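Below is one structure, written out as structure tokens; comments come after it.
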Amino acid sequence: MRSIAVLVISCPCAMGLATPAAIAVGLGRAAKNGILFRNAKSLELFKSITTVVFDKTGTLTKGNFKVTGFKSLLLADEEFKQLIFSIEKYSNHPIAKAITAGWKINNTINWKKIEEIKGLGMKAEDTTGNIYLLGSYKVAASLTADNGHTAYLLQNEKLIGWFDMEDEIRTEAKEVITYLHSKNIKTILLSGDSLERCKKVADTVGIDQVFAQQKPEEKLVVIEHLNKANPTAMVGDGINDAPALAIASVGFAMGAIGSDTAIETADIALMQDDLTKVAETILLGRRTLRIIRFNVTFALAIKGIFLILAFLGIAGLWLAILADTGATLLVIMNSLRLLRTQRIGSSKSMVLPAS
């Protein structure tokens, strides 16, 4: 009977459930709140994440752009708008979608060739051989010192105009950044937009460091460099963010509005258009690890104590069965504490120029 008691209490059920029970509850809690994990490993990585990098447009901001003005230097206003509209209708960028939704021009231009240059803008060629380039200040940097506009249009390498738009900062962005700072997590803004616009957003929400005017391949290099120093998470939504999301220790894709490429390459897809899900995921990951550690320690302690008692004949068969079953149930019940994960609040929204 003493041997049977020793065999019963040495059963590794509680030990075997210590980690998967917590992981299963954590993933279930995340999925219920619109946080989808590509694999369970990502949930355990948040213990070591010390830096979170954010894209700007569509991530820290809502991506709901409104045209606030435009300037045509050579063409009539309607002709200028027709050119912009005809180019932007072939792009999936939030700015392009805002242009096509707001201007609604019917007599569009049929291009001989049109393509999107990642991190720069759109390039089009008409039937007469004119080359048009529409993009950020990078495309016009050699032609003007005025970098305060959203996008610039060039015809045959000559600046012919620009337009301005406004974007709204997410209502919850500042509070999310504040929460991350309270957990000793550094925040960085990494964007292809101009330094001036990026600094305005960063200063408003309280981000520590800014990398502006970054092409997709440059974003990749920045994330690689940050990863070498400390495990880094990246939050983005667009196709330009995909390489950086793939190389980050943990990649978040804003799935509700993000591109398919960003969602496919990220480790985590946030299916709700809510930045607080980033903070909630980090909190959930860290709590999951704490509970796993407690489960393992508790199961080892119970097994160790009762194994000795059973070996000495102090704990009988029924007490060994009770200890073994009780340890398993307590590991499961402790894992269910993850269902009470704390939520992050939100603050007032603000409006700033966008690019």
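Order determines the names: the first chain of the structure tokens is A, the second B, and so forth; residues in each chain are numbered 1 upward, and ligands are numbered 1 upward as they are shown.
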Report task. Using only C-alpha atoms, determine which residues lie at most 9 Å from range 48-61 of chain A, disregarding the query and same-chain residues fewer than 2 positions distant; provide the list as a VMD selection string. Result -> chain A and resid 44 to 46 63 to 64 94 167 to 173 180 183 to 193 198 201 to 202 205 223 226 to 227 230 to 238 241 249 to 250 253 to 254 257 to 258 273 275 282 354 to 355
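Using only C-alpha atoms, the residues found no farther than 8 Å from Val296 in chain A, other than those of its own chain fewer than 4 positions away, are Met15, Ala18, Thr19, Ile292 and Leu300 of chain A.
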Requested in this report: Provide the CA of Leu74 in chain A to CA of Asn92 in chain A distance in Å, to one decimal place.
Outcome: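 Interatomic distance here is 27.4 Å.
Distance check against Leu307 in chain A using only C-alpha atoms: of A:Ile87, A:Leu319, A:Leu153, A:Leu36, the minimum falls on A:Leu319.
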Query - Secondary structure check, strand (DSSP E or B) residues of range 26-149 of chain A, as a PyMOL selection string - result: chain A and resi 35-37+51-54+61+66-72+113-117+121-125+131-135
Query raised in the report: Counting only C-alpha atoms, what is within 10 Å of range 142-144 of chain A, bar same-chain residues fewer than 5 positions away, as a PyMOL selection string?
Result: chain A and resi 137+154+157-159
For range 117-124 of chain A, find every residue with an atom within 9 Å (counting only C-alpha atoms), except residues of its own chain fewer than 5 positions away, and show them as an mmCIF file with N, CA, C and O atoms, in the first residue's frame.
data_model
loop_
_atom_site.group_PDB
_atom_site.id
_atom_site.type_symbol
_atom_site.label_atom_id
_atom_site.label_comp_id
_atom_site.auth_asym_id
_atom_site.auth_seq_id
_atom_site.Cartn_x
_atom_site.Cartn_y
_atom_site.Cartn_z
ATOM 1 N N ILE A 87 -4.331 58.748 -59.915
ATOM 2 C CA ILE A 87 -3.189 57.995 -59.369
ATOM 3 C C ILE A 87 -3.595 57.264 -58.095
ATOM 4 O O ILE A 87 -3.327 56.069 -57.925
ATOM 5 N N GLU A 88 -4.264 57.974 -57.194
ATOM 6 C CA GLU A 88 -4.579 57.404 -55.885
ATOM 7 C C GLU A 88 -5.595 56.259 -55.953
ATOM 8 O O GLU A 88 -5.641 55.425 -55.036
ATOM 9 N N TYR A 90 -5.440 53.714 -57.515
ATOM 10 C CA TYR A 90 -4.716 52.439 -57.641
ATOM 11 C C TYR A 90 -3.926 52.089 -56.376
ATOM 12 O O TYR A 90 -3.180 51.109 -56.370
ATOM 13 N N SER A 91 -4.101 52.875 -55.318
ATOM 14 C CA SER A 91 -3.374 52.628 -54.074
ATOM 15 C C SER A 91 -4.338 52.232 -52.962
ATOM 16 O O SER A 91 -5.492 52.669 -52.941
ATOM 17 N N TRP A 111 -3.879 55.206 -67.466
ATOM 18 C CA TRP A 111 -2.428 55.223 -67.465
ATOM 19 C C TRP A 111 -1.847 54.113 -68.333
ATOM 20 O O TRP A 111 -2.389 53.013 -68.417
ATOM 21 N N LYS A 112 -0.745 54.423 -68.964
ATOM 22 C CA LYS A 112 -0.006 53.409 -69.705
ATOM 23 C C LYS A 112 0.662 52.438 -68.736
ATOM 24 O O LYS A 112 0.712 51.215 -68.976
ATOM 25 N N ASN A 130 4.569 61.159 -70.299
ATOM 26 C CA ASN A 130 4.819 61.960 -69.102
ATOM 27 C C ASN A 130 4.877 61.059 -67.869
ATOM 28 O O ASN A 130 4.036 60.167 -67.708
ATOM 29 N N ILE A 131 5.863 61.317 -67.016
ATOM 30 C CA ILE A 131 6.032 60.525 -65.803
ATOM 31 C C ILE A 131 5.593 61.357 -64.597
ATOM 32 O O ILE A 131 6.052 62.488 -64.402
ATOM 33 N N TYR A 132 4.686 60.780 -63.811
ATOM 34 C CA TYR A 132 4.181 61.453 -62.614
ATOM 35 C C TYR A 132 4.615 60.666 -61.378
ATOM 36 O O TYR A 132 4.578 59.430 -61.363
ATOM 37 N N LEU A 133 5.007 61.398 -60.346
ATOM 38 C CA LEU A 133 5.397 60.790 -59.077
ATOM 39 C C LEU A 133 4.650 61.495 -57.964
ATOM 40 O O LEU A 133 4.748 62.718 -57.811
ATOM 41 N N LEU A 134 3.865 60.741 -57.211
ATOM 42 C CA LEU A 134 3.071 61.288 -56.115
ATOM 43 C C LEU A 134 3.484 60.595 -54.822
ATOM 44 O O LEU A 134 3.404 59.371 -54.715
ATOM 45 N N GLY A 135 3.957 61.386 -53.859
ATOM 46 C CA GLY A 135 4.412 60.763 -52.622
ATOM 47 C C GLY A 135 4.735 61.768 -51.544
ATOM 48 O O GLY A 135 4.366 62.947 -51.624
ATOM 49 N N SER A 136 5.451 61.306 -50.538
ATOM 50 C CA SER A 136 5.812 62.133 -49.395
ATOM 51 C C SER A 136 6.879 63.161 -49.782
ATOM 52 O O SER A 136 7.295 63.227 -50.949
ATOM 53 N N TYR A 137 7.335 63.912 -48.815
ATOM 54 C CA TYR A 137 8.311 64.971 -49.074
ATOM 55 C C TYR A 137 9.598 64.434 -49.701
ATOM 56 O O TYR A 137 10.311 65.163 -50.382
ATOM 57 N N LYS A 138 9.861 63.145 -49.512
ATOM 58 C CA LYS A 138 11.072 62.555 -50.081
ATOM 59 C C LYS A 138 11.142 62.748 -51.591
ATOM 60 O O LYS A 138 12.217 62.952 -52.148
ATOM 61 N N VAL A 139 9.995 62.681 -52.270
ATOM 62 C CA VAL A 139 10.003 62.782 -53.731
ATOM 63 C C VAL A 139 10.290 64.207 -54.192
ATOM 64 O O VAL A 139 10.695 64.422 -55.339
ATOM 65 N N ALA A 151 1.380 65.361 -49.253
ATOM 66 C CA ALA A 151 1.925 64.681 -50.438
ATOM 67 C C ALA A 151 2.221 65.692 -51.530
ATOM 68 O O ALA A 151 1.580 66.749 -51.621
ATOM 69 N N GLY A 192 7.338 56.351 -42.018
ATOM 70 C CA GLY A 192 7.840 56.894 -43.261
ATOM 71 C C GLY A 192 7.495 58.361 -43.430
ATOM 72 O O GLY A 192 7.918 59.002 -44.397
ATOM 73 N N GLN A 213 10.780 59.274 -41.743
ATOM 74 C CA GLN A 213 11.179 59.167 -43.158
ATOM 75 C C GLN A 213 11.893 57.837 -43.435
ATOM 76 O O GLN A 213 12.900 57.791 -44.135
ATOM 77 N N GLN A 214 11.336 56.761 -42.919
ATOM 78 C CA GLN A 214 11.944 55.445 -43.057
ATOM 79 C C GLN A 214 11.214 54.618 -44.127
ATOM 80 O O GLN A 214 10.003 54.449 -44.065
ATOM 81 N N LYS A 215 11.971 54.107 -45.087
ATOM 82 C CA LYS A 215 11.425 53.187 -46.077
ATOM 83 C C LYS A 215 11.259 51.814 -45.430
ATOM 84 O O LYS A 215 11.826 51.545 -44.367
ATOM 85 N N PRO A 216 10.486 50.890 -46.041
ATOM 86 C CA PRO A 216 10.288 49.554 -45.447
ATOM 87 C C PRO A 216 11.586 48.842 -45.115
ATOM 88 O O PRO A 216 11.719 48.243 -44.043
ATOM 89 N N GLU A 217 12.567 48.913 -46.021
ATOM 90 C CA GLU A 217 13.842 48.237 -45.756
ATOM 91 C C GLU A 217 14.612 48.926 -44.628
ATOM 92 O O GLU A 217 15.369 48.276 -43.893
ATOM 93 N N ILE A 239 1.300 47.575 -45.503
ATOM 94 C CA ILE A 239 2.230 46.713 -46.225
ATOM 95 C C ILE A 239 3.668 47.169 -46.019
ATOM 96 O O ILE A 239 4.606 46.360 -46.031
ATOM 97 N N ASN A 240 3.860 48.480 -45.778
ATOM 98 C CA ASN A 240 5.206 48.999 -45.524
ATOM 99 C C ASN A 240 5.773 48.515 -44.179
ATOM 100 O O ASN A 240 6.982 48.563 -43.959
#
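For the atom pair formed by CA of Ile314 in chain A and CA of Ile302 in chain A, the distance is 14.7 Å, given to one decimal.
Once range 329-333 of chain A and its same-chain neighbours fewer than 5 positions away are set aside, A:Ala14, A:Leu17, A:Ala18, A:Ala21, A:Ala22, A:Asn295, A:Phe298, A:Ala299 remain within 8 Å of it when counting only C-alpha atoms.
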Can you write out the residues you just picked, keeping all heavy atoms, as a PDB file, in the first residue's frame?
ATOM      1  N   ALA A  14      -0.280  17.114 -12.507  1.00  0.00           N
ATOM      2  CA  ALA A  14      -0.262  18.549 -12.204  1.00  0.00           C
ATOM      3  C   ALA A  14       0.894  19.245 -12.903  1.00  0.00           C
ATOM      4  O   ALA A  14       0.757  20.363 -13.420  1.00  0.00           O
ATOM      5  CB  ALA A  14      -0.176  18.758 -10.701  1.00  0.00           C
ATOM      6  N   LEU A  17       0.132  19.735 -16.569  1.00  0.00           N
ATOM      7  CA  LEU A  17      -0.906  20.742 -16.849  1.00  0.00           C
ATOM      8  C   LEU A  17      -0.470  22.163 -16.486  1.00  0.00           C
ATOM      9  O   LEU A  17      -1.132  23.122 -16.868  1.00  0.00           O
ATOM     10  CB  LEU A  17      -2.183  20.403 -16.070  1.00  0.00           C
ATOM     11  CG  LEU A  17      -3.006  19.224 -16.589  1.00  0.00           C
ATOM     12  CD1 LEU A  17      -4.119  18.894 -15.604  1.00  0.00           C
ATOM     13  CD2 LEU A  17      -3.593  19.546 -17.951  1.00  0.00           C
ATOM     14  N   ALA A  18       0.613  22.303 -15.736  1.00  0.00           N
ATOM     15  CA  ALA A  18       1.011  23.605 -15.207  1.00  0.00           C
ATOM     16  C   ALA A  18       1.152  24.659 -16.290  1.00  0.00           C
ATOM     17  O   ALA A  18       0.644  25.777 -16.173  1.00  0.00           O
ATOM     18  CB  ALA A  18       2.322  23.466 -14.432  1.00  0.00           C
ATOM     19  N   ALA A  21      -2.238  24.506 -19.309  1.00  0.00           N
ATOM     20  CA  ALA A  21      -3.503  25.022 -18.785  1.00  0.00           C
ATOM     21  C   ALA A  21      -3.508  26.545 -18.815  1.00  0.00           C
ATOM     22  O   ALA A  21      -4.483  27.187 -19.245  1.00  0.00           O
ATOM     23  CB  ALA A  21      -3.737  24.511 -17.365  1.00  0.00           C
ATOM     24  N   ALA A  22      -2.404  27.145 -18.358  1.00  0.00           N
ATOM     25  CA  ALA A  22      -2.311  28.610 -18.358  1.00  0.00           C
ATOM     26  C   ALA A  22      -2.284  29.159 -19.782  1.00  0.00           C
ATOM     27  O   ALA A  22      -2.936  30.170 -20.080  1.00  0.00           O
ATOM     28  CB  ALA A  22      -1.056  29.050 -17.597  1.00  0.00           C
ATOM     29  N   ASN A 295       2.245  27.785 -10.975  1.00  0.00           N
ATOM     30  CA  ASN A 295       1.739  26.424 -11.159  1.00  0.00           C
ATOM     31  C   ASN A 295       2.851  25.392 -11.007  1.00  0.00           C
ATOM     32  O   ASN A 295       2.690  24.372 -10.337  1.00  0.00           O
ATOM     33  CB  ASN A 295       1.093  26.281 -12.536  1.00  0.00           C
ATOM     34  CG  ASN A 295      -0.278  26.934 -12.617  1.00  0.00           C
ATOM     35  OD1 ASN A 295      -0.837  27.334 -11.599  1.00  0.00           O
ATOM     36  ND2 ASN A 295      -0.806  27.050 -13.822  1.00  0.00           N
ATOM     37  N   PHE A 298       4.120  25.337  -7.324  1.00  0.00           N
ATOM     38  CA  PHE A 298       3.113  24.730  -6.452  1.00  0.00           C
ATOM     39  C   PHE A 298       3.046  23.218  -6.669  1.00  0.00           C
ATOM     40  O   PHE A 298       3.039  22.444  -5.704  1.00  0.00           O
ATOM     41  CB  PHE A 298       1.755  25.366  -6.727  1.00  0.00           C
ATOM     42  CG  PHE A 298       0.629  24.733  -5.956  1.00  0.00           C
ATOM     43  CD1 PHE A 298       0.410  25.063  -4.622  1.00  0.00           C
ATOM     44  CD2 PHE A 298      -0.212  23.802  -6.555  1.00  0.00           C
ATOM     45  CE1 PHE A 298      -0.627  24.470  -3.906  1.00  0.00           C
ATOM     46  CE2 PHE A 298      -1.245  23.213  -5.849  1.00  0.00           C
ATOM     47  CZ  PHE A 298      -1.451  23.552  -4.519  1.00  0.00           C
ATOM     48  N   ALA A 299       2.999  22.793  -7.936  1.00  0.00           N
ATOM     49  CA  ALA A 299       2.907  21.365  -8.225  1.00  0.00           C
ATOM     50  C   ALA A 299       4.143  20.621  -7.715  1.00  0.00           C
ATOM     51  O   ALA A 299       4.034  19.525  -7.142  1.00  0.00           O
ATOM     52  CB  ALA A 299       2.738  21.147  -9.728  1.00  0.00           C
TER      53      ALA A 299
END
Report task. Record the distance separating CA of Val222 in chain A and CA of Ala244 in chain A, expressed in Å with one decimal. Result -> 8.3 Å
Report task. Identify, with DSSP run on backbone atoms, the residues in range 229-317 of chain A assigned to alpha helix (DSSP H), and express the list as number ranges by chain. Result -> A: 229, 242-247, 260-265, 276-311, 317
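For Leu27 in chain A, the residues within 10 Å (counting only C-alpha atoms, excluding itself and residues fewer than 6 positions away along the chain) are Asn33, Ile35, Leu36, Phe37, Asn39, Ala40, Leu43, Leu284, Gly285, Thr288 and Leu338 of chain A.
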Please produce a file of those selected residues containing all heavy atoms, as an mmCIF file, in the first residue's frame.
data_model
loop_
_atom_site.group_PDB
_atom_site.id
_atom_site.type_symbol
_atom_site.label_atom_id
_atom_site.label_comp_id
_atom_site.auth_asym_id
_atom_site.auth_seq_id
_atom_site.Cartn_x
_atom_site.Cartn_y
_atom_site.Cartn_z
ATOM 1 N N ASN A 33 -11.333 38.532 -26.694
ATOM 2 C CA ASN A 33 -11.201 39.992 -26.757
ATOM 3 C C ASN A 33 -10.643 40.480 -28.090
ATOM 4 O O ASN A 33 -10.161 41.610 -28.188
ATOM 5 C CB ASN A 33 -10.316 40.481 -25.614
ATOM 6 C CG ASN A 33 -10.999 40.339 -24.267
ATOM 7 O OD1 ASN A 33 -12.199 40.537 -24.148
ATOM 8 N ND2 ASN A 33 -10.234 39.977 -23.265
ATOM 9 N N ILE A 35 -7.994 39.301 -29.861
ATOM 10 C CA ILE A 35 -6.536 39.233 -29.996
ATOM 11 C C ILE A 35 -6.181 37.824 -30.448
ATOM 12 O O ILE A 35 -6.319 36.871 -29.681
ATOM 13 C CB ILE A 35 -5.832 39.552 -28.657
ATOM 14 C CG1 ILE A 35 -6.289 40.920 -28.132
ATOM 15 C CG2 ILE A 35 -4.322 39.501 -28.804
ATOM 16 C CD1 ILE A 35 -5.895 41.177 -26.684
ATOM 17 N N LEU A 36 -5.727 37.682 -31.691
ATOM 18 C CA LEU A 36 -5.463 36.365 -32.255
ATOM 19 C C LEU A 36 -3.973 36.115 -32.356
ATOM 20 O O LEU A 36 -3.237 36.884 -32.983
ATOM 21 C CB LEU A 36 -6.111 36.244 -33.646
ATOM 22 C CG LEU A 36 -7.619 36.498 -33.717
ATOM 23 C CD1 LEU A 36 -8.122 36.263 -35.131
ATOM 24 C CD2 LEU A 36 -8.373 35.619 -32.722
ATOM 25 N N PHE A 37 -3.509 35.021 -31.754
ATOM 26 C CA PHE A 37 -2.097 34.637 -31.757
ATOM 27 C C PHE A 37 -1.826 33.628 -32.863
ATOM 28 O O PHE A 37 -2.598 32.667 -33.042
ATOM 29 C CB PHE A 37 -1.700 34.016 -30.418
ATOM 30 C CG PHE A 37 -1.500 35.008 -29.308
ATOM 31 C CD1 PHE A 37 -2.586 35.569 -28.659
ATOM 32 C CD2 PHE A 37 -0.226 35.378 -28.923
ATOM 33 C CE1 PHE A 37 -2.404 36.485 -27.634
ATOM 34 C CE2 PHE A 37 -0.028 36.297 -27.901
ATOM 35 C CZ PHE A 37 -1.124 36.850 -27.260
ATOM 36 N N ASN A 39 0.871 31.727 -32.813
ATOM 37 C CA ASN A 39 1.346 30.573 -32.057
ATOM 38 C C ASN A 39 1.453 30.944 -30.581
ATOM 39 O O ASN A 39 1.509 32.114 -30.225
ATOM 40 C CB ASN A 39 2.706 30.077 -32.586
ATOM 41 C CG ASN A 39 3.764 31.175 -32.579
ATOM 42 O OD1 ASN A 39 4.175 31.643 -31.525
ATOM 43 N ND2 ASN A 39 4.187 31.599 -33.764
ATOM 44 N N ALA A 40 1.451 29.915 -29.724
ATOM 45 C CA ALA A 40 1.442 30.135 -28.281
ATOM 46 C C ALA A 40 2.753 30.710 -27.780
ATOM 47 O O ALA A 40 2.791 31.341 -26.716
ATOM 48 C CB ALA A 40 1.141 28.819 -27.568
ATOM 49 N N LEU A 43 2.927 34.372 -26.632
ATOM 50 C CA LEU A 43 2.337 34.738 -25.345
ATOM 51 C C LEU A 43 3.376 34.720 -24.233
ATOM 52 O O LEU A 43 3.272 35.476 -23.259
ATOM 53 C CB LEU A 43 1.187 33.782 -25.010
ATOM 54 C CG LEU A 43 0.300 34.135 -23.815
ATOM 55 C CD1 LEU A 43 -0.405 35.465 -24.060
ATOM 56 C CD2 LEU A 43 -0.719 33.041 -23.565
ATOM 57 N N LEU A 284 -1.530 40.525 -20.388
ATOM 58 C CA LEU A 284 -1.956 39.130 -20.390
ATOM 59 C C LEU A 284 -0.761 38.186 -20.481
ATOM 60 O O LEU A 284 -0.696 37.173 -19.768
ATOM 61 C CB LEU A 284 -2.910 38.885 -21.560
ATOM 62 C CG LEU A 284 -3.418 37.446 -21.749
ATOM 63 C CD1 LEU A 284 -4.241 37.019 -20.544
ATOM 64 C CD2 LEU A 284 -4.239 37.332 -23.031
ATOM 65 N N GLY A 285 0.202 38.506 -21.348
ATOM 66 C CA GLY A 285 1.385 37.661 -21.505
ATOM 67 C C GLY A 285 2.195 37.569 -20.226
ATOM 68 O O GLY A 285 2.647 36.487 -19.832
ATOM 69 N N THR A 288 0.320 35.559 -17.628
ATOM 70 C CA THR A 288 0.362 34.134 -17.975
ATOM 71 C C THR A 288 1.660 33.509 -17.504
ATOM 72 O O THR A 288 1.665 32.404 -16.935
ATOM 73 C CB THR A 288 0.216 33.952 -19.499
ATOM 74 O OG1 THR A 288 -1.047 34.483 -19.927
ATOM 75 C CG2 THR A 288 0.284 32.475 -19.881
ATOM 76 N N LEU A 338 -6.632 34.005 -15.098
ATOM 77 C CA LEU A 338 -6.340 34.842 -16.262
ATOM 78 C C LEU A 338 -7.594 35.438 -16.884
ATOM 79 O O LEU A 338 -7.520 36.405 -17.648
ATOM 80 C CB LEU A 338 -5.603 34.020 -17.323
ATOM 81 C CG LEU A 338 -4.140 33.695 -17.012
ATOM 82 C CD1 LEU A 338 -3.611 32.646 -17.970
ATOM 83 C CD2 LEU A 338 -3.294 34.953 -17.080
#
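Closest approach to Val221 in chain A among A:Thr150, A:Val176, A:Pro243, A:Val278: A:Pro243, based on only C-alpha atoms.
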Query raised in the report: Which residue out of A:His181, A:Lys32, A:Lys97, A:Arg287 has the minimum interatomic distance to Asp208 in chain A when only C-alpha atoms are used?
Result: A:His181
Each residue of range 89-186 of chain A lying at most 8 Å from range 69-73 of chain A should get a row with its shortest atom-to-atom pair and the distance in Å to one decimal, counting only C-alpha atoms; could you produce that, ordered by chain and increasing number, as a Markdown table?
| residue | atom | partner | partner_atom | distance |
| --- | --- | --- | --- | --- |
| A:Leu159 | CA | A:Leu73 | CA | 7.8 |
| A:Ile160 | CA | A:Leu73 | CA | 5.0 |
| A:Gly161 | CA | A:Ser72 | CA | 4.4 |
| A:Trp162 | CA | A:Lys71 | CA | 5.4 |
| A:Phe163 | CA | A:Phe70 | CA | 3.8 |
| A:Asp164 | CA | A:Gly69 | CA | 5.2 |
| A:Met165 | CA | A:Gly69 | CA | 7.1 |
Filtering to N, CA and C atoms, could you give me those residues as an mmCIF file, in the first residue's frame?
data_model
loop_
_atom_site.group_PDB
_atom_site.id
_atom_site.type_symbol
_atom_site.label_atom_id
_atom_site.label_comp_id
_atom_site.auth_asym_id
_atom_site.auth_seq_id
_atom_site.Cartn_x
_atom_site.Cartn_y
_atom_site.Cartn_z
ATOM 1 N N LEU A 159 8.130 69.816 -59.794
ATOM 2 C CA LEU A 159 7.056 69.933 -58.809
ATOM 3 C C LEU A 159 5.901 70.741 -59.394
ATOM 4 N N ILE A 160 4.696 70.145 -59.368
ATOM 5 C CA ILE A 160 3.533 70.842 -59.920
ATOM 6 C C ILE A 160 2.432 71.073 -58.882
ATOM 7 N N GLY A 161 2.639 70.605 -57.646
ATOM 8 C CA GLY A 161 1.643 70.891 -56.615
ATOM 9 C C GLY A 161 1.720 69.945 -55.429
ATOM 10 N N TRP A 162 0.826 70.183 -54.473
ATOM 11 C CA TRP A 162 0.760 69.338 -53.281
ATOM 12 C C TRP A 162 -0.640 69.415 -52.684
ATOM 13 N N PHE A 163 -0.908 68.565 -51.714
ATOM 14 C CA PHE A 163 -2.164 68.654 -50.967
ATOM 15 C C PHE A 163 -1.909 68.341 -49.493
ATOM 16 N N ASP A 164 -2.841 68.799 -48.643
ATOM 17 C CA ASP A 164 -2.739 68.635 -47.194
ATOM 18 C C ASP A 164 -3.940 67.863 -46.669
ATOM 19 N N MET A 165 -3.692 67.042 -45.629
ATOM 20 C CA MET A 165 -4.761 66.273 -44.997
ATOM 21 C C MET A 165 -4.562 66.295 -43.490
#
Query raised in the report: Which residue, A:Lys62, A:Arg290, A:Lys277, A:Lys228, has the smallest gap to Glu175 in chain A when you use only C-alpha atoms?
Result: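 Looking only at the distances to Glu175 in chain A, the closest residue turns out to be A:Lys277.
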